[in-house]
$ cat start_13.txt   # compact mmCIF, C-alpha atoms
# COMPACT_ATOMS: atom_id res chain seq x y z
CA MET A 822 -59.70 103.00 114.99
CA ASN A 823 -59.21 106.79 114.91
CA CYS A 824 -59.01 109.48 112.23
CA GLN A 825 -55.22 109.57 112.25
CA TRP A 826 -54.96 105.81 111.63
CA VAL A 827 -57.47 106.10 108.77
CA LYS A 828 -55.62 108.98 107.13
CA ASP A 829 -52.30 107.10 107.45
CA ASN A 830 -53.75 104.00 105.80
CA LEU A 831 -55.86 105.46 103.03
CA SER A 832 -53.17 104.87 100.43
CA ALA A 833 -52.87 101.20 101.48
CA TYR A 834 -56.61 100.84 101.18
CA LEU A 835 -56.68 102.32 97.68
CA ASP A 836 -53.80 100.04 96.60
CA GLY A 837 -55.71 97.01 97.91
CA GLU A 838 -52.99 96.17 100.45
CA MET A 839 -55.28 95.96 103.49
CA SER A 840 -56.81 92.98 105.29
CA HIS A 841 -60.53 92.35 104.89
CA ASN A 842 -61.37 93.28 108.51
CA ASP A 843 -59.42 96.55 108.28
CA VAL A 844 -61.17 97.40 105.01
CA VAL A 845 -64.58 96.89 106.63
CA SER A 846 -63.63 98.99 109.67
CA LEU A 847 -62.12 101.77 107.48
CA LYS A 848 -65.18 101.93 105.21
CA LYS A 849 -67.48 102.14 108.21
CA HIS A 850 -65.37 104.99 109.70
CA VAL A 851 -65.15 106.96 106.47
CA GLU A 852 -68.94 106.80 106.00
CA GLY A 853 -69.50 108.21 109.47
CA CYS A 854 -66.61 110.80 109.61
CA ASN A 855 -66.76 113.98 107.50
CA SER A 856 -63.08 114.80 107.78
CA CYS A 857 -61.91 111.30 106.80
CA GLY A 858 -64.59 111.11 104.09
CA TYR A 859 -63.27 114.34 102.56
CA GLU A 860 -59.69 113.00 102.70
CA TYR A 861 -60.76 109.72 101.12
CA ARG A 862 -62.49 111.47 98.21
CA ARG A 863 -59.50 113.76 97.63
CA ILE A 864 -57.00 110.91 97.40
CA SER A 865 -59.38 108.77 95.31
CA ARG A 866 -59.67 111.58 92.75
CA ALA A 867 -55.91 111.97 92.55
CA TRP A 868 -55.58 108.20 91.98
CA GLU A 869 -58.19 108.25 89.26
CA MET A 870 -56.35 111.10 87.52
CA LEU A 871 -53.09 109.15 87.62
CA ASP A 872 -54.84 106.21 86.02
CA LEU A 873 -55.72 108.45 83.06
CA TRP A 874 -52.01 109.07 82.31
CA GLU A 875 -50.48 107.00 79.59
CA ASP A 876 -47.55 104.74 80.54
CA LYS A 877 -44.68 105.71 78.29
CA GLU A 878 -41.45 103.81 77.70
CA PRO A 879 -38.46 106.09 78.62
CA PRO A 880 -36.16 106.99 75.71
CA ALA A 881 -33.05 104.86 75.15
CA TYR A 882 -30.63 107.74 75.81
CA MET A 883 -32.15 108.22 79.22
CA LYS A 884 -31.52 104.59 80.12
CA LYS A 885 -27.98 104.94 78.87
CA ALA A 886 -27.46 108.21 80.75
CA ILE A 887 -28.78 106.64 83.93
CA SER A 888 -26.54 103.57 83.47
CA LEU A 889 -23.56 105.84 82.89
CA LYS A 890 -24.45 107.87 85.95
CA ILE A 891 -24.70 104.68 88.03
CA GLU A 892 -21.37 103.43 86.68
CA LYS A 893 -19.83 106.80 87.45
CA GLU A 894 -21.24 106.71 90.97
CA LYS A 895 -19.83 103.20 91.45
CA THR A 896 -16.40 104.33 90.24
CA LEU A 897 -16.53 107.39 92.48
CA TYR A 898 -17.54 105.16 95.38
CA TRP A 899 -14.38 103.05 94.96
CA LEU A 900 -12.21 106.08 94.27
CA ARG A 901 -13.36 107.53 97.58
CA PHE A 902 -11.46 104.70 99.29
CA LEU A 903 -8.75 104.10 96.72
CA LEU A 904 -7.48 107.69 96.46
CA PRO A 905 -6.57 108.15 100.15
CA ALA A 906 -5.10 104.61 100.21
CA ALA A 907 -3.00 105.42 97.12
CA ALA A 908 -1.90 108.71 98.66
CA VAL A 909 -0.82 106.96 101.88
CA LEU A 910 1.00 104.29 99.86
CA LEU A 911 2.74 106.94 97.77
CA LEU A 912 3.85 108.79 100.89
CA ALA A 913 5.17 105.57 102.46
CA ILE A 914 7.13 104.67 99.29
CA SER A 915 8.55 108.20 99.08
CA ALA A 916 9.61 108.09 102.74
CA LEU A 917 11.19 104.66 102.22
CA LEU A 918 13.07 105.82 99.11
CA PHE A 919 14.27 108.96 100.87
CA TYR A 920 15.43 106.96 103.90
CA THR A 921 17.20 104.35 101.76
CA GLU A 922 18.91 107.00 99.67
CA THR A 923 20.01 108.99 102.73
CA ASN A 924 21.38 105.82 104.35
CA ARG A 925 23.21 104.87 101.17
CA ASN A 926 24.83 108.29 101.11
CA ASP A 927 25.64 108.06 104.81
CA GLY A 928 27.15 104.64 104.18
CA LYS A 929 29.27 106.11 101.36
CA ASP A 930 30.30 108.94 103.67
CA MET A 931 31.10 106.51 106.43
CA ILE A 932 33.17 104.33 104.10
CA ALA A 933 34.95 107.42 102.85
CA LYS A 934 35.53 108.58 106.42
CA SER A 935 36.76 105.15 107.54
CA GLU A 936 39.06 104.94 104.54
CA GLU A 937 40.45 108.38 105.24
CA PRO A 938 42.54 107.41 108.30
CA VAL A 939 43.68 104.22 106.51
CA LEU A 940 44.99 106.31 103.62
CA ASN A 941 46.51 108.87 105.99
CA ILE A 942 48.12 106.21 108.11
CA LYS A 943 49.76 104.62 105.06
CA LYS A 944 51.24 107.98 104.23
CA ASP A 945 52.35 108.48 107.85
CA ILE A 946 53.97 105.05 108.00
CA GLN A 947 55.92 105.78 104.82
CA GLU A 948 57.30 108.91 106.46
CA VAL A 949 58.48 107.21 109.65
CA ASN A 950 60.75 104.29 110.45
CA GLU A 951 58.18 101.55 110.97
CA GLU A 952 60.77 99.04 112.13
CA GLU A 953 61.90 101.38 114.86
CA ILE A 954 58.32 101.78 116.01
CA ILE A 955 57.81 98.01 116.06
CA SER A 956 61.06 97.43 117.99
CA ASN A 957 60.05 99.95 120.65
CA LEU A 958 56.29 99.56 120.48
CA GLN A 959 55.82 98.86 124.19
CA LEU A 960 57.91 101.89 124.99
CA PHE A 961 55.64 104.12 122.90
CA GLN A 962 52.50 102.57 124.27
CA GLU A 963 53.70 103.18 127.81
CA LYS A 964 55.45 106.49 127.19
CA GLU A 965 53.28 108.56 129.51
CA PHE A 966 53.92 106.09 132.31
CA LEU A 967 57.64 105.87 131.52
CA ASP A 968 57.93 109.66 131.53
CA SER A 969 56.74 109.63 135.14
CA PHE A 970 58.66 106.49 136.08
CA ASP A 971 61.42 108.31 138.02
CA THR A 972 58.94 110.42 139.92
CA LEU A 973 56.86 107.38 140.80
CA LYS A 974 59.88 105.46 142.07
CA LYS A 975 61.28 108.35 144.08
CA ILE A 976 58.05 108.70 146.07
CA ASP A 977 59.18 105.67 148.10
CA TYR A 978 62.28 107.54 149.22
CA LEU A 979 60.48 110.62 150.55
CA PRO A 980 59.99 109.44 154.15
CA LEU A 981 63.67 108.49 154.28
CA VAL A 982 65.20 111.75 153.07
CA GLU A 983 64.84 113.67 156.32
CA GLU A 984 65.92 110.63 158.34
CA ILE A 985 69.13 110.33 156.41
CA ARG A 986 69.82 114.05 156.70
CA GLU A 987 69.06 114.03 160.42
CA ASN A 988 71.29 111.01 160.98
CA ASN A 989 74.13 112.60 159.05
CA ILE A 990 73.82 115.80 161.08
CA LYS A 991 73.86 113.70 164.29
CA ASP A 992 76.90 111.82 163.05
CA LYS A 993 78.68 115.06 162.23
CA ARG A 994 77.74 116.50 165.62
CA SER A 995 78.99 113.46 167.48
CA LEU A 996 82.18 113.51 165.41
CA LEU A 997 82.71 117.15 166.26
CA GLU A 998 81.98 116.42 169.92
CA PHE A 999 84.42 113.54 169.80
CA LEU A 1000 87.07 115.73 168.21
CA ALA A 1001 86.41 118.52 170.68
CA ALA A 1002 86.73 116.15 173.59
CA MET B 976 66.07 59.52 125.00
CA ARG B 977 69.74 60.37 124.91
CA LYS B 978 69.22 62.23 121.61
CA ILE B 979 66.41 64.32 123.08
CA PHE B 980 68.56 65.16 126.07
CA LEU B 981 71.46 66.23 123.83
CA LEU B 982 69.18 68.29 121.59
CA THR B 983 67.68 70.02 124.63
CA ILE B 984 71.17 70.85 125.91
CA PHE B 985 72.21 72.09 122.44
CA PHE B 986 69.20 74.36 121.97
CA GLY B 987 69.35 75.48 125.58
CA VAL B 988 72.95 76.59 125.18
CA PHE B 989 72.14 78.10 121.79
CA PHE B 990 69.27 80.15 123.16
CA ILE B 991 71.17 81.26 126.25
CA GLN B 992 74.14 82.33 124.17
CA ASP B 993 72.01 84.06 121.64
CA SER B 994 70.97 87.09 123.67
CA SER B 995 68.99 88.48 120.77
CA PHE B 996 66.56 85.55 120.92
CA ALA B 997 64.44 87.19 123.64
CA GLU B 998 64.52 90.45 121.71
CA ASP B 999 63.39 88.65 118.56
CA VAL B 1000 60.47 87.15 120.43
CA ILE B 1001 59.49 90.61 121.69
CA ILE B 1002 59.73 92.06 118.18
CA ILE B 1003 57.58 89.26 116.75
CA GLY B 1004 54.97 90.02 119.41
CA ASN B 1005 55.24 93.75 118.78
CA ARG B 1006 54.84 93.27 115.04
CA ALA B 1007 51.69 91.21 115.54
CA ARG B 1008 50.32 93.85 117.91
CA TRP B 1009 51.22 96.67 115.48
CA GLU B 1010 49.55 94.88 112.57
CA SER B 1011 46.39 94.33 114.58
CA MET B 1012 46.10 97.99 115.56
CA ASN B 1013 43.42 100.12 113.94
CA PRO B 1014 44.43 103.31 112.05
CA GLU B 1015 43.57 105.57 115.00
CA GLU B 1016 45.79 103.58 117.37
CA LYS B 1017 48.61 103.56 114.82
CA LYS B 1018 48.25 107.29 114.34
CA ARG B 1019 48.49 107.85 118.10
CA ILE B 1020 51.64 105.70 118.31
CA ILE B 1021 53.19 107.51 115.33
CA GLU B 1022 52.53 110.85 117.04
CA ILE B 1023 54.23 109.60 120.22
CA TYR B 1024 57.10 108.24 118.13
CA ARG B 1025 57.54 111.59 116.35
CA GLU B 1026 57.48 113.47 119.64
CA TRP B 1027 59.99 111.02 121.12
CA LYS B 1028 62.20 111.22 118.06
CA SER B 1029 62.20 115.02 118.05
CA GLY B 1030 63.20 115.18 121.74
CA PRO B 1031 66.80 115.46 123.00
CA PRO B 1032 68.83 112.22 122.73
CA GLU B 1033 69.42 112.16 126.51
CA ARG B 1034 65.69 112.15 127.15
CA ARG B 1035 65.24 109.32 124.65
CA GLU B 1036 67.94 107.35 126.43
CA GLN B 1037 66.35 108.08 129.80
CA ILE B 1038 62.98 106.76 128.65
CA LYS B 1039 64.64 103.64 127.23
CA LYS B 1040 66.47 103.19 130.53
CA ASN B 1041 63.23 103.63 132.45
CA TYR B 1042 61.62 101.03 130.24
CA GLU B 1043 64.43 98.57 130.88
CA SER B 1044 64.27 99.25 134.63
CA TYR B 1045 60.54 98.74 134.60
CA ARG B 1046 60.85 95.44 132.76
CA GLU B 1047 63.28 94.15 135.35
CA LEU B 1048 61.00 94.91 138.30
CA PRO B 1049 59.18 92.07 140.07
CA PRO B 1050 55.48 91.85 139.15
CA GLU B 1051 54.22 93.24 142.48
CA GLU B 1052 56.50 96.29 142.12
CA LYS B 1053 55.26 96.80 138.56
CA GLU B 1054 51.70 96.60 139.81
CA LYS B 1055 52.40 99.07 142.62
CA LEU B 1056 53.94 101.59 140.20
CA ARG B 1057 51.06 101.20 137.78
CA GLU B 1058 48.57 101.91 140.55
CA ARG B 1059 50.68 104.81 141.77
CA PHE B 1060 50.69 106.21 138.25
CA ARG B 1061 46.90 106.00 138.20
CA VAL B 1062 46.72 107.98 141.47
CA TYR B 1063 49.40 110.43 140.31
CA LYS B 1064 47.54 111.07 137.05
CA SER B 1065 44.31 111.69 138.90
CA LEU B 1066 45.88 114.40 141.06
CA GLU B 1067 45.12 118.04 140.45
CA PRO B 1068 48.04 119.94 138.84
CA SER B 1069 48.64 121.69 142.19
CA GLY B 1070 48.84 118.29 143.93
CA ARG B 1071 51.33 117.00 141.35
CA LYS B 1072 53.39 120.15 141.74
CA LYS B 1073 53.56 119.63 145.51
CA VAL B 1074 54.75 116.04 145.00
CA GLU B 1075 57.40 117.22 142.55
CA GLU B 1076 58.57 119.91 144.96
CA LYS B 1077 58.97 117.35 147.73
CA LEU B 1078 60.87 115.11 145.34
CA LYS B 1079 63.40 117.86 144.68
CA LYS B 1080 64.82 117.00 148.10
CA VAL B 1081 65.63 113.53 146.84
CA ASP B 1082 67.24 114.92 143.71
CA SER B 1083 69.34 117.36 145.67
CA LEU B 1084 70.91 114.64 147.82
CA PRO B 1085 74.54 113.78 147.22
CA LEU B 1086 75.21 110.41 145.63
CA LYS B 1087 76.34 108.86 148.89
CA GLU B 1088 73.07 109.76 150.62
CA LYS B 1089 71.09 108.52 147.67
CA ASP B 1090 72.79 105.15 148.05
CA GLU B 1091 71.99 105.16 151.73
CA ILE B 1092 68.36 105.86 150.97
CA GLU B 1093 68.28 103.07 148.45
CA LYS B 1094 69.64 100.65 151.04
CA LYS B 1095 67.24 101.83 153.70
CA TYR B 1096 64.34 101.58 151.33
CA ASN B 1097 65.27 98.02 150.38
CA LYS B 1098 65.14 97.14 154.07
CA MET B 1099 61.90 99.01 154.57
CA LYS B 1100 60.06 97.39 151.70
CA ARG B 1101 60.45 93.99 153.33
CA LYS B 1102 58.11 95.20 156.07
CA SER B 1103 54.36 94.81 156.00
CA GLU B 1104 52.19 97.72 154.90
CA ASN B 1105 51.20 98.38 158.52
CA GLU B 1106 54.77 98.40 159.75
CA MET B 1107 55.79 100.64 156.89
CA MET B 1108 53.01 103.06 157.69
CA LYS B 1109 54.05 103.18 161.35
CA PHE B 1110 57.60 103.90 160.29
CA ILE B 1111 56.42 106.62 157.90
CA GLU B 1112 54.25 108.19 160.59
CA ARG B 1113 57.27 108.51 162.85
CA SER B 1114 59.35 110.16 160.11
CA PHE B 1115 60.20 113.85 159.95
CA PHE B 1116 58.81 113.94 156.49
CA TRP B 1117 55.35 112.83 157.67
CA LYS B 1118 55.34 115.34 160.48
CA SER B 1119 56.07 118.12 158.02
CA LEU B 1120 52.94 117.37 155.97
CA ASN B 1121 49.49 118.80 156.51
CA GLU B 1122 46.40 116.58 156.62
CA GLN B 1123 45.63 116.91 152.89
CA GLU B 1124 49.23 116.23 151.87
CA ARG B 1125 49.29 113.18 154.13
CA GLU B 1126 46.17 111.85 152.42
CA ILE B 1127 47.76 112.28 148.96
CA PHE B 1128 51.00 110.74 150.11
CA ARG B 1129 49.22 107.76 151.70
CA GLU B 1130 47.38 107.12 148.44
CA LEU B 1131 50.57 107.35 146.42
CA MET B 1132 52.49 105.15 148.80
CA PHE B 1133 49.80 102.48 149.09
CA PRO B 1134 47.62 102.87 146.04
CA LYS B 1135 44.39 100.91 146.13
CA ASP B 1136 41.77 100.25 143.45
$ encode --input "start_13.txt" --output "structure tokens"
Amino acid sequence: MNCQWVKDNLSAYLDGEMSHNDVVSLKKHVEGCNSCGYEYRRISRAWEMLDLWEDKEPPAYMKKAISLKIEKEKTLYWLRFLLPAAAVLLLAISALLFYTETNRNDGKDMIAKSEEPVLNIKKDIQEVNEEEIISNLQLFQEKEFLDSFDTLKKIDYLPLVEEIRENNIKDKRSLLEFLAA
Amino acid sequence: MRKIFLLTIFFGVFFIQDSSFAEDVIIIGNRARWESMNPEEKKRIIEIYREWKSGPPERREQIKKNYESYRELPPEEKEKLRERFRVYKSLEPSGRKKVEEKLKKVDSLPLKEKDEIEKKYNKMKRKSENEMMKFIERSFFWKSLNEQEREIFRELMFPKD
């Protein structure tokens, strides 16, 4: 047992919270140690003075004020979590509403855009001879190909052109030679 | 059995005599195709129709004639021309111009020589692709082409996927 331990446990001793053996050891130390004795007397005096004070019942308003304060603290405690959660929820709902509204407008635009060619085409069809288009539909679908049809066919003849010319020249030459002879 | 036979003969004769029957079938098919087209496709066809309609009557007749000629071709010829068209379309404008210049020689031939060419070509097309190529390589035309022109011509003559 040292002075520090005694000083740390003086309050426990005065409150009667110490075991019998510790009490005996502490008493023995305090009687022999000036510093601890002085500390013991100082704390004992303070305790005695406190005992002289009258225990008074706190006023009713104080109880009420404390209860209100506690209630307020409790509410604030929950608000600390609820407020950010509510803010996040509000943001999510706003984003969802904005997205839905934008999509709805886009949908309307898309419908309007998709209806536009339908309306235009009806007008176009009224202006043209639809029956003539139907009768020659394949022709119109293939027009680009049909425009080049002659060219495409004539390509086959290309290697033969010079041959024919050459043969004709030969024929003419041999005819001339025959006539000359 | 006899009734079925007679009915078949009757309808057969009826359909053969009625030359517009085939046309009617085509128009029914065309109508169905037209109805199933989306507005964009219809718009494209209407534009082509307007352009065709506003062109000179001779050109309109020529395209109709080309269409009829195309329809009468055997399937393999049709296929060859389609493939050739694909190659022709993919050519650079300068390449197309060169082809058209060469073709002017064919156009400038007198009718008699054109007939001769037609006959010769009909003989030539019975040959295999290899034989045809050998024949072409011996021709004056082939010898007059440079390497790049030969490549284009080979592709046009024997278009492949």
$ residues_around --input "start_13.txt" --residues "region 1104-1108 of chain B" --least-positions-apart "2" --cutoff "12 Å" --atoms "all atoms listed in the file" --output "count of residues only"
24
$ interface_residues --input "start_13.txt" --of "chain A" --to "chain B" --cutoff "8 Å" --atoms "only C-alpha atoms" --output "CSV table (one decimal) with C-alpha atoms, in the coordinates of the input"
chain,number,residue,atom,x,y,z
A,938,PRO,CA,42.5,107.4,108.3
A,939,VAL,CA,43.7,104.2,106.5
A,942,ILE,CA,48.1,106.2,108.1
A,945,ASP,CA,52.4,108.5,107.8
A,946,ILE,CA,54.0,105.0,108.0
A,949,VAL,CA,58.5,107.2,109.6
A,954,ILE,CA,58.3,101.8,116.0
A,955,ILE,CA,57.8,98.0,116.1
A,956,SER,CA,61.1,97.4,118.0
A,958,LEU,CA,56.3,99.6,120.5
A,959,GLN,CA,55.8,98.9,124.2
A,960,LEU,CA,57.9,101.9,125.0
A,961,PHE,CA,55.6,104.1,122.9
A,962,GLN,CA,52.5,102.6,124.3
A,964,LYS,CA,55.4,106.5,127.2
A,966,PHE,CA,53.9,106.1,132.3
A,967,LEU,CA,57.6,105.9,131.5
A,968,ASP,CA,57.9,109.7,131.5
A,969,SER,CA,56.7,109.6,135.1
A,970,PHE,CA,58.7,106.5,136.1
A,971,ASP,CA,61.4,108.3,138.0
A,972,THR,CA,58.9,110.4,139.9
A,973,LEU,CA,56.9,107.4,140.8
A,974,LYS,CA,59.9,105.5,142.1
A,975,LYS,CA,61.3,108.4,144.1
A,976,ILE,CA,58.0,108.7,146.1
A,977,ASP,CA,59.2,105.7,148.1
A,978,TYR,CA,62.3,107.5,149.2
A,979,LEU,CA,60.5,110.6,150.6
A,980,PRO,CA,60.0,109.4,154.2
A,981,LEU,CA,63.7,108.5,154.3
A,982,VAL,CA,65.2,111.8,153.1
A,983,GLU,CA,64.8,113.7,156.3
A,984,GLU,CA,65.9,110.6,158.3
A,985,ILE,CA,69.1,110.3,156.4
$ residues_around --input "start_13.txt" --residues "Val844 (chain A)" --least-positions-apart "2" --cutoff "12 Å" --atoms "all atoms listed in the file" --output "list in words"
Met822, Val827, Asn830, Leu831, Ser832, Ala833, Tyr834, Leu835, Asp836, Gly837, Glu838, Met839, Ser840, His841, Asn842, Ser846, Leu847, Lys848, Lys849, His850 and Val851 of chain A
$ atom_distance --input "start_13.txt" --atom1 "CA of Asn855 (chain A)" --atom2 "CA of Cys824 (chain A)"
10.1 Å
$ atom_distance --input "start_13.txt" --atom1 "CA of Ser865 (chain A)" --atom2 "CA of Lys828 (chain A)"
12.4 Å
$ atom_distance --input "start_13.txt" --atom1 "CA of Ala906 (chain A)" --atom2 "CA of Thr921 (chain A)"
22.4 Å
